[in-house]
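Notes for the one structure printed next.
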Amino acid sequence: METSGVSFTTFQFFGVALRWWEVYESCRSIGAAPLTWQEFSILFLENFVPQSCREELRRQFEQLRQDDMSVMQYKMSFSKLSRHAVWLVPTDRERIRMFIGGLTYQLRLLMTWERVSGATFDEVVDITR
């Protein structure tokens, strides 16, 4: 979800979020490159989620482990929390690395880099399942 995701998301804004976005857009230089999803996410989180909450969600993401969750429950928690720490997983490769790192030991052993090399995040989840 890159610039089209930003456009789709901001299109749905209303109230305070819409006013914030309008002010932000009006202050941008003419001809400035569109925001990437990562840039937008960081801006949005910095403006609407208190620092203490962001730090707690980041900590939860860094410590997330599959433990007794199913792969799909783990993937859902991983995806939810990763939105609050986009700078920790700036690329698909980093996202995959962190996802595999939180799997149970048995699954981590099966998820060799050769097996997932070139795979997308969703393909890695499917391989894990």
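We label chains A, B, ... in the order they appear in the structure tokens, count residues from 1 in each chain, and number ligands from 1 in the order shown.
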- Item | segment 40-44 of chain A environment, 8 Å, only C-alpha atoms, sequence neighbours closer than 6 positions dropped, as a count of residues only | 3
Leu107 of chain A surroundings by only C-alpha atoms, 8 Å radius, close-in-sequence under 4 positions cut, as a tab-separated table (two decimals) with C-alpha atoms, in the first residue's frame:
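Written file, result_18.tsv:
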```
chain	number	residue	atom	x	y	z
A	103	LEU	CA	7.61	-17.99	15.35
A	111	MET	CA	11.51	-21.51	7.68
A	128	THR	CA	4.30	-21.21	7.60
```
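Using only C-alpha atoms, the nearest neighbour of Ser70 of chain A within the list A:Asp92, A:Ser52, A:Thr104, A:Glu25 is A:Thr104.
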- Write out as a list in words each polymer residue whose atoms come within 12 Å of segment 33-39 of chain A, counting only C-alpha atoms; drop sequence neighbours fewer than 6 positions from it. Met1, Glu2, Thr3, Ser4, Gly5, Val6, Ser7, Phe8, Thr9, Thr10, Tyr24, Glu25, Leu45, Glu46, Ser82, Arg83, His84, Ala85, Val86, Trp87, Leu88, Val89, Pro90, Thr91 and Asp92 of chain A
- Residue with smallest distance to Val125 of chain A - pool A:Phe99, A:Phe13, A:Phe61, A:Trp20, counting only C-alpha atoms: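 For Val125 of chain A, the nearest of the candidates is A:Phe99.
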- Message: With only C-alpha atoms as the counted atoms, please give the residues lying no more than 10 Å from Lys75 of chain A, apart from itself and same-chain residues fewer than 2 positions off, as a ChimeraX atom specification.
- Response: /A:66,69-73,77-81,99,103,122,125
- Message: Please compute the atom CA of Leu64 of chain A-atom CA of Arg93 of chain A distance, one decimal, in Å.
- Response: 17.7 Å
- Query: When distances are computed from only C-alpha atoms, which of A:Cys53, A:Tyr105, A:Ala32, A:Ile96 shows the smallest separation from Ile127 of chain A?
  - Reply: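 Looking at the shortest contact to Ile127 of chain A, the residue is A:Ile96.
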- Item | DSSP alpha helix (DSSP H) selection over chain A, as a ChimeraX atom specification | /A:3-11,15-27,37-48,51-63,71-82,92-101,105-110,113-116,121-128
